[in-house]
Amino acid sequence: MSVIEIVFPLLFIAALGYGASRSGWFSREHIAGISKFAFYVCIPALLFSAMLKVPLKDSIRLPVLVAFYVPVILSFALTLQLSRQALKRSYRDCAVLALGGSYSNTLLVGLPVIMAAFGPAQMASVFLIIPFHSAVLFGLTFALSGNSGAEGGSRGAQLIKGLLFNPVVASIGLGLIGNVAGLSLPTALGNSLEMLAKPAIACALFVLGANLNQYRLSSAFALTAVLSAIKLLLLPLLILIAGKLLGLTSLELAVTVLLGASPLGVNAYLIAAQLKRDSDIIAGAVVLSSMLCILTVIFWLTVLT
């Protein structure tokens with residue numbers, strides 16, 4: 001399968017979502033309904049079913065996690081330092097920008113691209129990366145931003161609690177427990193979950209495209225461009241180097257690099273709005289990186305396949 005054959009269906013569905021939202025054919029309430037169905041039903045069914053079946057002993061490798069998370073934290077630290085020097089701010093005031101250079105849209109972009117390119121087999125590494133991704137980066141952002149006031153601390157604790165107990169993390173965790181316990185679902189239930197899982201990727205891509213209509217590029221275009229470049233080019237390059245040094249297989253290398261090459265996730269904007277810092281810049285970086293990832297995903301797929 002060529003790179004264009006892999007990418008085109010993903011772009012087509014995302015463009016359809018953007019057009020439906022932009023034209024007013026689908027209202028915000030419609031998009032919210034599809035999003036809720038995708039993230040509370042379809043994607044959890046997909047992740048639970050896949051995690052229940054993957055051969056854990058053959059798939060879970062510590063070097064894969066190290067090859068992904070060390071570069072992610074390095075990218076966070078590098079963006080933090082660059083922001084501090086360029087903007088003459090404190091580290092505390094640059095925490096959200098650091099998140100903008102390191103947080104990936106693993107569910108809406110990374111997972112669909114990987115499944116389209118390599119299929120659902122041997123995806124345990126992806127499913128184990130996803131639940132820790134938000135917790136690590138959001139935790140760093142909150143800790144660094146000094147969100148220590150009574151109200152801020154309460155909101156931060158609620159957000160972290162929500163991340164740890166969201167349907168994605170819960171479905172992965174339950175699937176992992178079931179896999180370790182040797183759980184085998186009745187055929188009827190297994191078939192039902194597979195039916196629910198089938199529209200997961202299409203719904204996620206449609207919602208991604210629709211959501212892009214709700215954000216705009218920031219006036220600080222140079223800064224959003226730098227954040228997008230770090231996110232789409234530097235971070236996956238660091239993961240590629242780390243993966244080669246750690247001896248990852250070609251499939252493991254492709255999976256981790258493509259996850260890192262995903263655009264800035266929309267949840268980064270929610271964190272920025274929560275902390276009331278640079279939300280316009282982060283929103284612009286979400287839009288710009290999502291548009292540019294059309295080219296960069298093709299580039300990384302070409303390099304990796």
# chains A, B, ... in the order shown; residues from 1 in each chain; ligands from 1
call {"tool": "select_by_dssp", "arguments": {"residues": "segment 40-81 of chain A", "states": "alpha helix (DSSP H)", "output": "PyMOL selection string"}}
result
chain A and resi 43-53+56-59+62-81
call {"tool": "write_last_selection", "arguments": {"atoms": "N, CA, C and O atoms", "output": "CSV table (one decimal), in the first residue's frame"}}
result
chain,number,residue,atom,x,y,z
A,43,ILE,N,-14.4,4.1,20.6
A,43,ILE,CA,-12.9,4.0,20.9
A,43,ILE,C,-12.7,3.1,22.1
A,43,ILE,O,-11.8,2.3,22.0
A,44,PRO,N,-13.4,3.3,23.2
A,44,PRO,CA,-13.2,2.3,24.3
A,44,PRO,C,-13.4,0.9,23.9
A,44,PRO,O,-12.7,0.0,24.3
A,45,ALA,N,-14.4,0.6,23.1
A,45,ALA,CA,-14.7,-0.7,22.6
A,45,ALA,C,-13.5,-1.2,21.8
A,45,ALA,O,-13.1,-2.4,21.9
A,46,LEU,N,-13.0,-0.4,20.9
A,46,LEU,CA,-11.8,-0.7,20.1
A,46,LEU,C,-10.6,-1.0,20.9
A,46,LEU,O,-9.9,-2.1,20.7
A,47,LEU,N,-10.3,-0.1,21.9
A,47,LEU,CA,-9.1,-0.3,22.7
A,47,LEU,C,-9.2,-1.5,23.6
A,47,LEU,O,-8.3,-2.3,23.8
A,48,PHE,N,-10.4,-1.7,24.2
A,48,PHE,CA,-10.6,-2.9,25.1
A,48,PHE,C,-10.4,-4.2,24.3
A,48,PHE,O,-9.7,-5.1,24.8
A,49,SER,N,-11.1,-4.3,23.2
A,49,SER,CA,-11.1,-5.5,22.4
A,49,SER,C,-9.6,-5.8,21.9
A,49,SER,O,-9.2,-6.9,22.0
A,50,ALA,N,-8.9,-4.8,21.4
A,50,ALA,CA,-7.6,-5.0,20.9
A,50,ALA,C,-6.6,-5.3,22.1
A,50,ALA,O,-5.8,-6.2,21.9
A,51,MET,N,-6.8,-4.6,23.2
A,51,MET,CA,-5.9,-4.9,24.3
A,51,MET,C,-6.1,-6.3,24.9
A,51,MET,O,-5.2,-6.9,25.4
A,52,LEU,N,-7.3,-6.8,24.8
A,52,LEU,CA,-7.7,-8.1,25.3
A,52,LEU,C,-7.0,-9.2,24.5
A,52,LEU,O,-6.7,-10.3,25.0
A,53,LYS,N,-6.7,-8.9,23.2
A,53,LYS,CA,-6.3,-10.0,22.3
A,53,LYS,C,-4.8,-9.9,22.0
A,53,LYS,O,-4.2,-10.9,21.5
A,56,LEU,N,0.8,-10.0,24.8
A,56,LEU,CA,1.5,-9.1,25.6
A,56,LEU,C,3.0,-9.5,25.8
A,56,LEU,O,3.9,-8.6,25.7
A,57,LYS,N,3.3,-10.8,26.0
A,57,LYS,CA,4.6,-11.2,26.2
A,57,LYS,C,5.5,-10.9,25.0
A,57,LYS,O,6.7,-10.6,25.2
A,58,ASP,N,5.0,-10.9,23.8
A,58,ASP,CA,5.8,-10.6,22.6
A,58,ASP,C,5.8,-9.1,22.2
A,58,ASP,O,6.6,-8.7,21.5
A,59,SER,N,4.8,-8.4,22.8
A,59,SER,CA,4.6,-7.0,22.3
A,59,SER,C,5.1,-5.9,23.3
A,59,SER,O,5.6,-4.9,22.8
A,62,LEU,N,10.1,-2.5,27.3
A,62,LEU,CA,10.5,-1.3,28.0
A,62,LEU,C,11.2,-0.3,27.0
A,62,LEU,O,11.0,0.9,27.1
A,63,PRO,N,12.1,-0.8,26.1
A,63,PRO,CA,12.8,0.1,25.2
A,63,PRO,C,11.8,1.0,24.4
A,63,PRO,O,12.1,2.1,24.0
A,64,VAL,N,10.6,0.4,24.0
A,64,VAL,CA,9.7,1.2,23.3
A,64,VAL,C,9.2,2.4,24.1
A,64,VAL,O,9.1,3.5,23.5
A,65,LEU,N,8.8,2.2,25.3
A,65,LEU,CA,8.4,3.3,26.2
A,65,LEU,C,9.5,4.3,26.4
A,65,LEU,O,9.2,5.5,26.4
A,66,VAL,N,10.7,3.8,26.6
A,66,VAL,CA,11.8,4.7,26.8
A,66,VAL,C,12.1,5.6,25.5
A,66,VAL,O,12.3,6.8,25.6
A,67,ALA,N,12.0,4.9,24.4
A,67,ALA,CA,12.3,5.6,23.1
A,67,ALA,C,11.3,6.7,22.8
A,67,ALA,O,11.5,7.6,22.1
A,68,PHE,N,10.1,6.5,23.4
A,68,PHE,CA,9.0,7.5,23.2
A,68,PHE,C,9.1,8.6,24.2
A,68,PHE,O,9.1,9.8,23.9
A,69,TYR,N,9.1,8.2,25.5
A,69,TYR,CA,9.0,9.2,26.6
A,69,TYR,C,10.2,10.1,26.8
A,69,TYR,O,10.1,11.2,27.2
A,70,VAL,N,11.4,9.5,26.7
A,70,VAL,CA,12.6,10.4,26.9
A,70,VAL,C,12.6,11.5,25.9
A,70,VAL,O,12.8,12.7,26.2
A,71,PRO,N,12.4,11.3,24.6
A,71,PRO,CA,12.3,12.4,23.6
A,71,PRO,C,11.2,13.3,23.9
A,71,PRO,O,11.3,14.6,23.7
A,72,VAL,N,10.0,12.8,24.4
A,72,VAL,CA,8.9,13.7,24.7
A,72,VAL,C,9.3,14.7,25.8
A,72,VAL,O,9.0,15.9,25.7
A,73,ILE,N,9.9,14.1,26.8
A,73,ILE,CA,10.3,15.0,28.0
A,73,ILE,C,11.4,16.0,27.5
A,73,ILE,O,11.4,17.1,27.9
A,74,LEU,N,12.3,15.5,26.7
A,74,LEU,CA,13.4,16.4,26.1
A,74,LEU,C,12.8,17.5,25.3
A,74,LEU,O,13.2,18.7,25.4
A,75,SER,N,11.8,17.2,24.5
A,75,SER,CA,11.1,18.2,23.7
A,75,SER,C,10.4,19.2,24.6
A,75,SER,O,10.4,20.4,24.3
A,76,PHE,N,9.8,18.7,25.6
A,76,PHE,CA,9.1,19.6,26.6
A,76,PHE,C,10.2,20.6,27.2
A,76,PHE,O,9.9,21.8,27.3
A,77,ALA,N,11.3,20.0,27.6
A,77,ALA,CA,12.3,20.8,28.3
A,77,ALA,C,12.9,21.8,27.3
A,77,ALA,O,13.2,23.0,27.6
A,78,LEU,N,13.2,21.4,26.0
A,78,LEU,CA,13.7,22.3,25.0
A,78,LEU,C,12.8,23.4,24.7
A,78,LEU,O,13.2,24.6,24.6
A,79,THR,N,11.5,23.1,24.5
A,79,THR,CA,10.6,24.2,24.2
A,79,THR,C,10.5,25.1,25.4
A,79,THR,O,10.3,26.4,25.2
A,80,LEU,N,10.5,24.6,26.6
A,80,LEU,CA,10.5,25.5,27.8
A,80,LEU,C,11.6,26.4,27.8
A,80,LEU,O,11.5,27.7,28.0
A,81,GLN,N,12.8,25.9,27.5
A,81,GLN,CA,14.0,26.8,27.5
A,81,GLN,C,14.0,27.8,26.4
A,81,GLN,O,14.4,29.0,26.6
call {"tool": "closest_residue", "arguments": {"among": "A:Met115, A:Ala268, A:Leu288, A:Ala20", "to": "Val96 of chain A", "atoms": "only C-alpha atoms"}}
result
A:Ala268
call {"tool": "residues_around", "arguments": {"residues": "Phe138 of chain A", "least_positions_apart": "2", "cutoff": "8 Å", "atoms": "only C-alpha atoms", "output": "count of residues only"}}
result
9
call {"tool": "residues_around", "arguments": {"residues": "segment 222-227 of chain A", "least_positions_apart": "6", "cutoff": "12 Å", "atoms": "only C-alpha atoms", "output": "PyMOL selection string"}}
result
chain A and resi 75-76+78-80+82-83+86-87+96-104+216+233-235+263-264+278-292
call {"tool": "write_last_selection", "arguments": {"atoms": "N, CA, C and O atoms", "output": "short mmCIF file (atom, residue, chain, number, x, y, z; two decimals), in the first residue's frame"}}
result
data_model
loop_
_atom_site.label_atom_id
_atom_site.label_comp_id
_atom_site.auth_asym_id
_atom_site.auth_seq_id
_atom_site.Cartn_x
_atom_site.Cartn_y
_atom_site.Cartn_z
N SER A 75 11.76 17.18 24.49
CA SER A 75 11.08 18.19 23.69
C SER A 75 10.37 19.21 24.57
O SER A 75 10.39 20.42 24.30
N PHE A 76 9.77 18.74 25.65
CA PHE A 76 9.12 19.63 26.61
C PHE A 76 10.15 20.58 27.21
O PHE A 76 9.94 21.81 27.26
N LEU A 78 13.17 21.39 26.04
CA LEU A 78 13.75 22.27 25.03
C LEU A 78 12.81 23.42 24.69
O LEU A 78 13.23 24.58 24.61
N THR A 79 11.53 23.12 24.51
CA THR A 79 10.56 24.17 24.21
C THR A 79 10.45 25.14 25.37
O THR A 79 10.32 26.36 25.17
N LEU A 80 10.52 24.62 26.58
CA LEU A 80 10.48 25.46 27.77
C LEU A 80 11.65 26.45 27.78
O LEU A 80 11.47 27.65 28.00
N LEU A 82 13.62 27.39 25.21
CA LEU A 82 13.55 28.31 24.08
C LEU A 82 12.53 29.42 24.33
O LEU A 82 12.77 30.59 24.02
N SER A 83 11.40 29.04 24.90
CA SER A 83 10.35 30.04 25.19
C SER A 83 10.84 31.04 26.23
O SER A 83 10.59 32.25 26.12
N ALA A 86 13.47 33.36 24.48
CA ALA A 86 12.93 34.21 23.42
C ALA A 86 11.95 35.25 23.98
O ALA A 86 11.93 36.39 23.52
N LEU A 87 11.14 34.85 24.95
CA LEU A 87 10.09 35.73 25.47
C LEU A 87 10.47 36.44 26.76
O LEU A 87 9.70 37.27 27.25
N VAL A 96 2.96 26.22 29.63
CA VAL A 96 1.94 25.85 28.63
C VAL A 96 2.56 25.77 27.25
O VAL A 96 2.21 24.89 26.45
N LEU A 97 3.50 26.68 26.94
CA LEU A 97 4.17 26.63 25.64
C LEU A 97 5.00 25.35 25.51
O LEU A 97 5.10 24.78 24.42
N ALA A 98 5.62 24.92 26.61
CA ALA A 98 6.38 23.67 26.59
C ALA A 98 5.47 22.49 26.27
O ALA A 98 5.85 21.58 25.53
N LEU A 99 4.26 22.52 26.80
CA LEU A 99 3.27 21.49 26.48
C LEU A 99 2.96 21.53 24.98
O LEU A 99 2.79 20.48 24.35
N GLY A 100 2.92 22.73 24.42
CA GLY A 100 2.62 22.89 23.00
C GLY A 100 3.65 22.28 22.07
O GLY A 100 3.35 22.00 20.91
N GLY A 101 4.86 22.08 22.57
CA GLY A 101 5.90 21.49 21.74
C GLY A 101 6.11 20.01 21.96
O GLY A 101 7.03 19.42 21.38
N SER A 102 5.25 19.39 22.79
CA SER A 102 5.51 17.99 23.15
C SER A 102 4.27 17.10 23.21
O SER A 102 4.40 15.87 23.20
N TYR A 103 3.08 17.67 23.25
CA TYR A 103 1.86 16.88 23.44
C TYR A 103 1.26 16.46 22.10
O TYR A 103 0.99 17.30 21.24
N SER A 104 1.05 15.16 21.92
CA SER A 104 0.59 14.62 20.63
C SER A 104 -0.88 14.25 20.64
O SER A 104 -1.41 13.78 21.66
N ARG A 216 -8.81 29.10 15.59
CA ARG A 216 -8.23 30.01 14.61
C ARG A 216 -6.74 30.16 14.87
O ARG A 216 -6.27 30.00 15.98
N LEU A 233 8.42 17.86 13.59
CA LEU A 233 9.70 17.47 13.00
C LEU A 233 10.75 17.08 14.03
O LEU A 233 11.35 16.01 13.94
N LEU A 234 10.96 17.96 15.02
CA LEU A 234 12.03 17.68 15.99
C LEU A 234 11.69 16.50 16.89
O LEU A 234 12.52 15.60 17.08
N LEU A 235 10.49 16.48 17.45
CA LEU A 235 10.12 15.39 18.36
C LEU A 235 10.19 14.03 17.68
O LEU A 235 10.82 13.10 18.22
N PRO A 263 -0.01 15.82 15.31
CA PRO A 263 -0.06 17.25 15.64
C PRO A 263 -0.38 17.49 17.11
O PRO A 263 -0.69 16.56 17.86
N LEU A 264 -0.31 18.74 17.50
CA LEU A 264 -0.62 19.11 18.88
C LEU A 264 -2.07 18.76 19.19
O LEU A 264 -2.98 19.11 18.44
N ASP A 278 -1.67 31.78 27.48
CA ASP A 278 -1.32 31.50 26.08
C ASP A 278 -2.32 30.60 25.37
O ASP A 278 -1.94 29.85 24.46
N SER A 279 -3.59 30.70 25.73
CA SER A 279 -4.57 29.83 25.09
C SER A 279 -4.73 30.14 23.60
O SER A 279 -4.98 29.25 22.79
N ASP A 280 -4.56 31.44 23.21
CA ASP A 280 -4.67 31.80 21.80
C ASP A 280 -3.52 31.21 20.99
O ASP A 280 -3.71 30.74 19.85
N ILE A 281 -2.32 31.20 21.57
CA ILE A 281 -1.15 30.63 20.88
C ILE A 281 -1.30 29.12 20.73
O ILE A 281 -1.03 28.56 19.66
N ILE A 282 -1.74 28.46 21.79
CA ILE A 282 -1.92 27.01 21.73
C ILE A 282 -3.02 26.64 20.74
O ILE A 282 -2.89 25.67 19.97
N ALA A 283 -4.12 27.40 20.73
CA ALA A 283 -5.19 27.14 19.76
C ALA A 283 -4.66 27.28 18.33
O ALA A 283 -4.97 26.46 17.46
N GLY A 284 -3.84 28.31 18.09
CA GLY A 284 -3.24 28.48 16.77
C GLY A 284 -2.32 27.34 16.40
O GLY A 284 -2.30 26.87 15.26
N ALA A 285 -1.56 26.85 17.39
CA ALA A 285 -0.64 25.73 17.13
C ALA A 285 -1.40 24.44 16.86
O ALA A 285 -0.96 23.61 16.06
N VAL A 286 -2.56 24.26 17.50
CA VAL A 286 -3.40 23.09 17.22
C VAL A 286 -3.83 23.11 15.75
O VAL A 286 -3.73 22.11 15.04
N VAL A 287 -4.29 24.27 15.29
CA VAL A 287 -4.76 24.39 13.90
C VAL A 287 -3.61 24.23 12.92
O VAL A 287 -3.70 23.45 11.96
N LEU A 288 -2.52 24.98 13.14
CA LEU A 288 -1.41 24.95 12.19
C LEU A 288 -0.76 23.58 12.11
O LEU A 288 -0.49 23.06 11.02
N SER A 289 -0.50 22.97 13.27
CA SER A 289 0.14 21.65 13.25
C SER A 289 -0.78 20.60 12.63
O SER A 289 -0.31 19.67 11.96
N SER A 290 -2.08 20.74 12.84
CA SER A 290 -3.03 19.79 12.25
C SER A 290 -3.06 19.91 10.73
O SER A 290 -3.21 18.92 10.01
N MET A 291 -2.91 21.14 10.22
CA MET A 291 -2.87 21.33 8.77
C MET A 291 -1.54 20.84 8.19
O MET A 291 -1.51 20.16 7.16
N LEU A 292 -0.44 21.18 8.86
CA LEU A 292 0.87 20.80 8.35
C LEU A 292 1.14 19.31 8.46
O LEU A 292 1.96 18.77 7.70
#
call {"tool": "atom_distance", "arguments": {"atom1": "atom CA of Lys276 of chain A", "atom2": "atom CA of Phe221 of chain A"}}
result
19.3 Å
